[in-house]
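What's in query.tsv: TSV, C-alpha atoms and all ligand atoms
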chain	number	residue	atom	x	y	z
U	1	MET	CA	124.23	79.87	76.68
U	2	ASN	CA	123.72	78.48	80.18
U	3	LYS	CA	126.05	80.47	82.29
U	4	VAL	CA	127.41	83.95	81.98
U	5	ASP	CA	130.44	85.38	83.77
U	6	LEU	CA	129.34	88.35	85.88
U	7	ASN	CA	132.65	88.81	87.72
U	8	VAL	CA	134.05	92.31	87.86
U	9	ASN	CA	137.10	93.80	89.50
U	10	ILE	CA	137.02	97.11	91.30
U	11	GLY	CA	140.49	98.19	92.24
U	12	GLY	CA	141.88	94.76	92.99
U	13	LEU	CA	138.70	93.51	94.63
U	14	GLU	CA	136.75	90.75	92.85
U	15	LEU	CA	132.96	91.00	92.95
U	16	GLN	CA	130.79	88.07	91.85
U	17	ASN	CA	128.61	90.54	89.95
U	18	PRO	CA	128.54	94.32	89.50
U	19	VAL	CA	125.43	94.99	91.62
U	20	MET	CA	126.09	96.70	94.94
U	21	THR	CA	123.83	98.56	97.35
U	22	ALA	CA	124.22	102.31	97.91
U	23	SER	CA	124.99	103.74	101.34
U	24	GLY	CA	122.03	104.93	103.39
U	25	THR	CA	119.47	102.94	101.44
U	26	PHE	CA	120.23	99.46	102.75
U	27	GLY	CA	120.75	100.00	106.46
U	28	TYR	CA	123.59	97.91	107.88
U	29	ALA	CA	122.54	94.95	105.66
U	30	GLY	CA	120.76	92.99	108.43
U	31	GLU	CA	117.58	94.99	107.81
U	32	PHE	CA	117.36	93.40	104.34
U	33	GLU	CA	118.15	89.82	105.39
U	34	GLU	CA	114.56	88.63	104.98
U	35	LEU	CA	114.05	90.52	101.74
U	36	VAL	CA	117.01	89.63	99.54
U	37	ASP	CA	119.67	86.96	99.35
U	38	LEU	CA	122.51	89.08	100.71
U	39	ASN	CA	125.12	86.60	99.48
U	40	ARG	CA	123.97	87.05	95.88
U	41	LEU	CA	124.89	90.73	95.89
U	42	GLY	CA	128.11	91.90	94.27
U	43	GLY	CA	128.80	94.16	97.23
U	44	ILE	CA	127.14	95.96	100.10
U	45	VAL	CA	127.82	99.52	101.22
U	46	VAL	CA	126.40	100.17	104.68
U	47	LYS	CA	125.03	103.43	106.12
U	48	GLY	CA	127.58	106.20	106.59
U	49	VAL	CA	129.39	106.05	109.92
U	50	SER	CA	131.05	108.91	111.81
U	51	LEU	CA	133.31	108.80	114.88
U	52	GLN	CA	130.55	110.00	117.20
U	53	PRO	CA	126.87	108.98	117.01
U	54	SER	CA	124.71	111.60	115.30
U	55	PRO	CA	120.96	112.22	115.47
U	56	GLY	CA	121.05	113.79	112.00
U	57	ASN	CA	118.78	116.68	111.01
U	58	PRO	CA	115.34	117.39	112.51
U	59	PRO	CA	112.27	116.11	110.60
U	60	PRO	CA	110.74	116.37	108.06
U	61	ARG	CA	113.77	114.85	106.35
U	62	ILE	CA	112.27	113.17	103.28
U	63	VAL	CA	110.02	114.52	100.52
U	64	GLU	CA	108.84	112.79	97.38
U	65	THR	CA	109.40	114.72	94.14
U	66	ALA	CA	108.74	114.06	90.46
U	67	SER	CA	110.61	110.85	89.63
U	68	GLY	CA	112.68	111.06	92.77
U	69	MET	CA	113.02	112.05	96.40
U	70	LEU	CA	114.75	114.70	98.45
U	71	ASN	CA	116.42	113.63	101.67
U	72	ALA	CA	118.15	115.63	104.37
U	73	ILE	CA	118.89	112.87	106.85
U	74	GLY	CA	122.15	114.58	107.76
U	75	LEU	CA	124.06	111.36	108.34
U	76	GLU	CA	122.15	110.10	111.35
U	77	ASN	CA	124.14	107.09	112.51
U	78	VAL	CA	125.06	105.03	115.53
U	79	GLY	CA	128.70	106.15	115.57
U	80	LEU	CA	131.83	104.04	115.13
U	81	GLU	CA	131.86	102.23	118.48
U	82	ALA	CA	128.22	101.09	118.27
U	83	PHE	CA	128.77	100.19	114.61
U	84	ILE	CA	131.59	97.87	115.68
U	85	LYS	CA	129.69	96.40	118.65
U	86	GLU	CA	126.17	96.17	117.30
U	87	LYS	CA	126.32	96.07	113.49
U	88	VAL	CA	129.59	94.38	112.54
U	89	PRO	CA	128.82	90.97	114.15
U	90	PHE	CA	125.98	90.40	111.68
U	91	LEU	CA	128.37	91.00	108.77
U	92	LYS	CA	130.38	87.89	109.81
U	93	LYS	CA	127.64	85.76	108.28
U	94	LEU	CA	128.11	87.22	104.82
U	95	SER	CA	130.34	86.13	101.99
U	96	THR	CA	129.60	89.36	100.08
U	97	PRO	CA	132.24	92.10	100.33
U	98	VAL	CA	131.06	94.91	102.61
U	99	PHE	CA	132.17	98.53	102.39
U	100	ALA	CA	131.92	100.85	105.38
U	101	ASN	CA	130.98	104.36	104.25
U	102	ILE	CA	132.84	106.92	106.36
U	103	TYR	CA	132.21	110.57	106.98
U	104	GLY	CA	134.16	113.10	109.04
U	105	LYS	CA	134.03	116.77	109.91
U	106	THR	CA	137.80	117.06	109.65
U	107	ILE	CA	140.57	115.21	107.85
U	108	ASP	CA	141.71	113.88	111.20
U	109	GLU	CA	138.27	112.31	111.78
U	110	TYR	CA	138.41	110.54	108.41
U	111	ALA	CA	141.90	109.30	109.30
U	112	LYS	CA	140.76	107.99	112.71
U	113	LEU	CA	137.80	106.17	111.15
U	114	ALA	CA	140.05	104.51	108.57
U	115	GLU	CA	142.58	103.55	111.24
U	116	ARG	CA	139.92	101.73	113.30
U	117	ILE	CA	138.15	100.11	110.38
U	118	GLU	CA	141.44	98.76	109.07
U	119	TRP	CA	141.30	96.19	111.92
U	120	ILE	CA	137.74	95.01	111.30
U	121	ASP	CA	137.95	91.77	109.30
U	122	GLU	CA	134.24	91.79	108.46
U	123	VAL	CA	134.63	95.05	106.57
U	124	THR	CA	136.24	94.48	103.18
U	125	GLY	CA	136.68	98.06	102.01
U	126	ILE	CA	136.08	101.71	102.81
U	127	GLU	CA	133.91	104.10	100.83
U	128	VAL	CA	134.99	107.65	101.67
U	129	ASN	CA	132.01	109.98	101.56
U	130	ILE	CA	133.26	113.43	100.58
U	131	SER	CA	129.92	114.30	99.06
U	132	CYS	CA	127.12	114.51	101.64
U	133	PRO	CA	125.18	117.71	100.92
U	134	ASN	CA	123.18	117.63	104.17
U	135	VAL	CA	125.71	118.26	106.92
U	136	LYS	CA	127.01	121.59	108.17
U	137	ALA	CA	130.70	120.73	108.46
U	138	GLY	CA	132.93	118.42	106.46
U	139	GLY	CA	131.31	116.01	104.03
U	140	VAL	CA	130.79	117.79	100.77
U	141	ALA	CA	133.25	120.55	101.69
U	142	PHE	CA	136.00	118.02	100.86
U	143	GLY	CA	134.34	116.91	97.66
U	144	VAL	CA	134.09	120.18	95.79
U	145	GLU	CA	137.71	121.23	95.82
U	146	PRO	CA	140.43	119.05	94.22
U	147	GLU	CA	143.15	119.88	96.78
U	148	ALA	CA	140.88	119.16	99.76
U	149	ALA	CA	139.73	115.90	98.17
U	150	PHE	CA	143.36	114.90	97.71
U	151	ARG	CA	144.16	115.55	101.38
U	152	VAL	CA	141.25	113.48	102.71
U	153	VAL	CA	141.92	110.54	100.44
U	154	ASP	CA	145.65	110.71	101.12
U	155	ALA	CA	144.98	110.63	104.89
U	156	VAL	CA	142.69	107.59	104.55
U	157	ARG	CA	145.05	105.83	102.13
U	158	ASN	CA	147.91	106.17	104.61
U	159	ARG	CA	145.86	104.43	107.33
U	160	THR	CA	144.48	101.41	105.49
U	161	ASN	CA	145.43	98.62	103.13
U	162	LYS	CA	141.78	97.84	102.44
U	163	PRO	CA	140.31	98.89	99.09
U	164	VAL	CA	139.45	102.60	99.19
U	165	MET	CA	136.52	103.82	97.10
U	166	VAL	CA	135.91	107.57	97.03
U	167	LYS	CA	132.33	108.79	96.65
U	168	LEU	CA	132.05	111.92	94.56
U	169	SER	CA	129.61	114.81	94.59
U	170	PRO	CA	127.77	115.96	91.46
U	171	ASN	CA	127.47	119.45	92.98
U	172	VAL	CA	130.69	120.65	91.34
U	173	THR	CA	131.79	122.43	88.18
U	174	ASP	CA	134.00	119.61	86.91
U	175	ILE	CA	133.68	116.20	88.55
U	176	THR	CA	136.61	114.80	86.56
U	177	GLN	CA	138.99	117.10	88.50
U	178	ILE	CA	137.87	115.68	91.84
U	179	ALA	CA	138.06	112.13	90.46
U	180	LYS	CA	141.64	112.72	89.33
U	181	SER	CA	142.57	114.09	92.76
U	182	ALA	CA	141.17	110.96	94.39
U	183	GLU	CA	143.11	108.80	91.95
U	184	ASN	CA	146.34	110.73	92.56
U	185	ALA	CA	145.92	110.34	96.31
U	186	GLY	CA	145.76	106.56	95.94
U	187	ALA	CA	142.05	105.72	95.71
U	188	ASP	CA	141.41	102.24	94.32
U	189	SER	CA	138.10	103.30	92.75
U	190	VAL	CA	135.62	106.18	92.64
U	191	SER	CA	131.86	105.91	93.08
U	192	LEU	CA	129.46	108.50	91.71
U	193	ILE	CA	127.15	110.23	92.13
U	194	ASN	CA	125.91	111.23	95.55
U	195	THR	CA	122.68	113.26	95.60
U	196	LEU	CA	122.16	116.58	93.80
U	197	THR	CA	121.22	119.50	96.05
U	198	GLY	CA	117.58	120.51	95.66
U	199	MET	CA	114.56	121.89	97.51
U	200	ALA	CA	110.77	121.79	97.63
U	201	ILE	CA	108.26	124.34	98.97
U	202	ASP	CA	104.80	123.94	100.52
U	203	ILE	CA	102.85	126.79	98.88
U	204	GLU	CA	100.14	126.82	101.58
U	205	SER	CA	102.51	127.48	104.46
U	206	ARG	CA	105.16	129.10	102.21
U	207	ARG	CA	107.67	127.02	104.07
U	208	PRO	CA	110.32	124.59	102.82
U	209	LYS	CA	109.09	121.00	102.85
U	210	LEU	CA	112.36	119.93	104.51
U	211	ALA	CA	113.33	121.27	107.93
U	212	ASN	CA	116.88	121.55	106.58
U	213	ILE	CA	115.46	123.71	103.70
U	214	THR	CA	117.58	121.93	101.11
U	215	GLY	CA	118.13	118.22	100.58
U	216	GLY	CA	119.71	115.72	98.23
U	217	LEU	CA	117.80	114.63	95.15
U	218	SER	CA	117.98	110.94	94.24
U	219	GLY	CA	116.07	108.42	92.13
U	220	PRO	CA	115.24	108.24	88.40
U	221	ALA	CA	115.24	112.06	88.14
U	222	ILE	CA	119.04	112.12	88.47
U	223	LYS	CA	119.93	109.19	86.22
U	224	PRO	CA	120.80	111.14	83.06
U	225	VAL	CA	123.07	113.47	85.03
U	226	ALA	CA	124.75	110.55	86.80
U	227	LEU	CA	125.24	108.66	83.56
U	228	ARG	CA	126.86	111.67	81.90
U	229	MET	CA	129.21	112.12	84.85
U	230	VAL	CA	130.16	108.43	84.97
U	231	TRP	CA	130.93	108.53	81.26
U	232	GLN	CA	133.10	111.64	81.67
U	233	VAL	CA	134.97	110.32	84.70
U	234	ALA	CA	135.55	106.89	83.13
U	235	GLN	CA	137.40	108.58	80.30
U	236	ASN	CA	139.58	110.61	82.63
U	237	VAL	CA	140.81	108.15	85.27
U	238	LYS	CA	142.46	104.74	85.11
U	239	ILE	CA	140.92	103.39	88.32
U	240	PRO	CA	137.51	101.67	88.14
U	241	VAL	CA	134.36	103.76	88.32
U	242	VAL	CA	131.27	102.63	90.24
U	243	GLY	CA	128.06	104.16	88.85
U	244	ILE	CA	125.26	105.41	91.12
U	245	GLY	CA	122.13	107.45	90.46
U	246	GLY	CA	118.57	106.47	89.71
U	247	ILE	CA	119.32	102.85	88.86
U	248	MET	CA	115.97	101.08	89.10
U	249	THR	CA	116.23	98.30	86.49
U	250	ALA	CA	118.74	96.09	84.71
U	251	GLN	CA	118.46	98.37	81.70
U	252	ASP	CA	119.56	101.33	83.82
U	253	ALA	CA	122.47	99.30	85.19
U	254	LEU	CA	123.54	98.24	81.69
U	255	GLU	CA	123.58	101.87	80.56
U	256	PHE	CA	126.04	102.69	83.34
U	257	LEU	CA	128.22	99.68	82.52
U	258	MET	CA	128.30	100.65	78.85
U	259	ALA	CA	129.22	104.21	79.85
U	260	GLY	CA	132.29	102.78	81.59
U	261	ALA	CA	131.22	101.80	85.12
U	262	SER	CA	132.82	98.56	86.35
U	263	ALA	CA	130.05	98.14	88.94
U	264	ILE	CA	126.91	99.97	90.03
U	265	GLN	CA	125.11	100.80	93.28
U	266	VAL	CA	121.37	100.66	93.78
U	267	GLY	CA	119.96	103.31	96.14
U	268	THR	CA	116.46	104.79	96.13
U	269	ALA	CA	115.16	101.75	94.21
U	270	ASN	CA	115.53	99.71	97.43
U	271	PHE	CA	112.77	101.82	99.03
U	272	ILE	CA	110.34	101.19	96.16
U	273	ASN	CA	111.13	97.58	95.36
U	274	THR	CA	113.05	95.82	98.12
U	275	HIS	CA	113.95	93.10	95.61
U	276	ALA	CA	115.39	95.58	93.07
U	277	THR	CA	119.00	94.38	93.41
U	278	MET	CA	118.02	90.75	92.73
U	279	ASP	CA	115.85	91.78	89.76
U	280	ILE	CA	118.76	93.78	88.35
U	281	ILE	CA	121.20	90.85	88.64
U	282	GLU	CA	118.70	88.55	86.90
U	283	GLY	CA	117.94	91.16	84.22
U	284	ILE	CA	121.62	91.64	83.39
U	285	GLU	CA	122.02	87.86	83.09
U	286	ARG	CA	119.00	87.65	80.81
U	287	PHE	CA	120.30	90.43	78.58
U	288	MET	CA	123.69	88.76	78.26
U	289	LYS	CA	122.15	85.40	77.36
U	290	GLU	CA	119.88	87.00	74.77
U	291	LYS	CA	122.81	88.86	73.21
U	292	LYS	CA	125.16	85.88	73.61
U	293	ILE	CA	127.64	87.88	75.66
U	294	SER	CA	129.55	85.48	77.90
U	295	LYS	CA	131.55	87.97	80.01
U	296	ILE	CA	130.20	91.14	81.58
U	297	THR	CA	133.59	92.77	81.14
U	298	ASP	CA	132.80	92.86	77.41
U	299	ILE	CA	129.95	95.26	78.22
U	300	ILE	CA	131.93	97.64	80.44
U	301	GLY	CA	132.85	100.77	78.49
U	302	SER	CA	131.41	99.36	75.27
U	303	LEU	CA	129.55	102.55	74.41
U	304	GLU	CA	130.14	103.55	70.81
U	305	VAL	CA	130.11	107.25	70.06
K	401	LIG	C1	117.80	108.29	102.53
K	401	LIG	C2	119.17	108.34	101.93
K	401	LIG	C3	120.30	108.26	102.76
K	401	LIG	C4	121.59	108.32	102.22
K	401	LIG	N1	122.67	108.21	103.05
K	401	LIG	C5	123.94	108.23	102.52
K	401	LIG	C6	125.08	108.05	103.35
K	401	LIG	O1	124.99	107.86	104.57
K	401	LIG	N2	126.32	108.10	102.76
K	401	LIG	C7	126.47	108.29	101.40
K	401	LIG	O2	127.61	108.31	100.91
K	401	LIG	N3	125.39	108.41	100.59
K	401	LIG	C8	124.14	108.39	101.10
K	401	LIG	N4	123.05	108.51	100.27
K	401	LIG	C9	123.25	108.67	98.81
K	401	LIG	C10	123.06	107.34	98.06
K	401	LIG	O3	123.98	106.38	98.50
K	401	LIG	C11	123.18	107.55	96.53
K	401	LIG	O4	124.45	108.06	96.22
K	401	LIG	C12	122.14	108.51	95.98
K	401	LIG	O5	120.89	108.33	96.61
K	401	LIG	C13	121.95	108.38	94.46
K	401	LIG	O6	121.56	107.08	94.10
K	401	LIG	P1	120.01	106.64	93.87
K	401	LIG	O7	119.42	107.63	92.90
K	401	LIG	O8	120.08	105.24	93.33
K	401	LIG	O9	119.36	106.71	95.19
K	401	LIG	C14	121.75	108.47	100.80
K	401	LIG	C15	120.61	108.54	99.98
K	401	LIG	C16	119.34	108.48	100.51
K	401	LIG	C17	118.16	108.54	99.58
Turn this file's structure into structure tokens for me.
Ligand SMILES: Cc1cc2nc3c(=O)[nH]c(=O)nc-3n(C[C@H](O)[C@H](O)[C@H](O)COP(=O)(O)O)c2cc1C
Amino acid sequence: MNKVDLNVNIGGLELQNPVMTASGTFGYAGEFEELVDLNRLGGIVVKGVSLQPSPGNPPPRIVETASGMLNAIGLENVGLEAFIKEKVPFLKKLSTPVFANIYGKTIDEYAKLAERIEWIDEVTGIEVNISCPNVKAGGVAFGVEPEAAFRVVDAVRNRTNKPVMVKLSPNVTDITQIAKSAENAGADSVSLINTLTGMAIDIESRRPKLANITGGLSGPAIKPVALRMVWQVAQNVKIPVVGIGGIMTAQDALEFLMAGASAIQVGTANFINTHATMDIIEGIERFMKEKKISKITDIIGSLEV
């Protein structure tokens, strides 16, 4: 077998392969230009953007933990206007679909962001972050309650014709309820999971290792939880599911695809191996050739229980 078909479809959008980058771990794409072939990626999700620029939380904001990391960046970002002026022009060069990840303190802010981004040709789709655990207002508040999730997604949906992907929080009792709300409000896909709330303590000073006290856990430590949630959500919604959480290798990615994810996002792995996304694409191809699987869509949801 010489060639395998890696094409996937997430809510009407064709990706040349299922490997995307996760928001906040890949800058605004330009930062990785020298490190990976950006046009080989299935999709790129850029750092979360809010209406106003934000300095984020005070440092220390990152701590390494067993098989993972805690971050409490608090959505530091350049703000929508600087994003449009300074970051979007680079995206013109790319053939890969780019998602802007948006975050607001109120439903109105999400709506305004969607309204503006609708007119940016270089941005293919919008990932709605209703799951950031590290900000005081908004963010995760909309991702833990089905009715609130519905209202945010509905507001965004009414302002844009671009593909809308809704990013879900694992810090909930039943993630399938939030996924269904997003679907009912018109989301084209859901992506999960964002980070799990955690903390770490310095026993000498008896102080939290993060200035924010708590942070979001990511990396291999969260993979089994993410995989379980992707599997559950995939059985409960009709829209495509994009799997995120501790994906470091092609094997990890294949597990998510088998659990029902139509695509995956690579996050923390980018900090450890800047070439991780390329390695994962190649590894998936190798697996398919070895197993004589010609279409990746035959792998999606193929888990037998
Ligand atoms: C440093 C850092 C910054 C992040 N920033 C964002 C963000 O701006 N918006 C968002 O939706 N998710 C953000 N995330 C969450 C990731 O996109 C991803 O959902 C999470 O890290 C789990 O995937 P991973 O285990 O592969 O890293 C961030 C994660 C990290 C580690």
Mind dumping a table of every chain U residue within 6 Å of ligand LIG 401 (chain K), with the nearest atom pair and its distance in Å to one decimal, using only C-alpha atoms and all ligand atoms, sorted by chain and rising number, as a tab-separated table?
residue	atom	partner	partner_atom	distance
U:Ala22	CA	K:LIG401	O3	4.1
U:Ser23	CA	K:LIG401	O3	4.0
U:Gly24	CA	K:LIG401	N1	3.4
U:Thr25	CA	K:LIG401	C2	5.4
U:Lys47	CA	K:LIG401	O1	4.7
U:Gly48	CA	K:LIG401	O1	3.7
U:Asn71	CA	K:LIG401	C1	5.6
U:Leu75	CA	K:LIG401	O1	5.2
U:Asn129	CA	K:LIG401	O2	4.8
U:Ile193	CA	K:LIG401	O4	5.4
U:Asn194	CA	K:LIG401	O4	3.6
U:Thr195	CA	K:LIG401	C12	4.8
U:Ser218	CA	K:LIG401	O7	3.9
U:Gly219	CA	K:LIG401	O7	3.5
U:Ile244	CA	K:LIG401	O6	5.0
U:Gly245	CA	K:LIG401	O7	3.7
U:Gly246	CA	K:LIG401	O7	3.5
U:Ile247	CA	K:LIG401	O8	5.1
U:Val266	CA	K:LIG401	O8	4.8
U:Gly267	CA	K:LIG401	O8	3.4
U:Thr268	CA	K:LIG401	O9	3.6
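Counting only C-alpha atoms and comparing U:Asn7, U:Arg159, U:Asn2, U:Asn17, the residue that lies closest to Ile280 of chain U is U:Asn17.
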Non-local contacts of segment 248-258 of chain U (10 Å; only C-alpha atoms; under 6 positions in same chain excluded) as a count of residues only
43
Near segment 26-34 of chain U, within 7 Å and counting only C-alpha atoms, which residues show up once chain neighbours fewer than 5 positions away are dropped, as JSON, numbers by chain?
{"U": [21, 46, 47, 87, 90]}
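In terms of minimum interatomic distance to Met165 of chain U, U:Glu127 ranks closest within U:Glu127, U:Glu76, U:Glu183, U:Glu145, counting all atoms listed in the file.
In terms of minimum interatomic distance to Asp37 of chain U, U:Leu94 ranks closest within U:Ala66, U:Leu94, U:Leu192, U:Met1, counting only C-alpha atoms.
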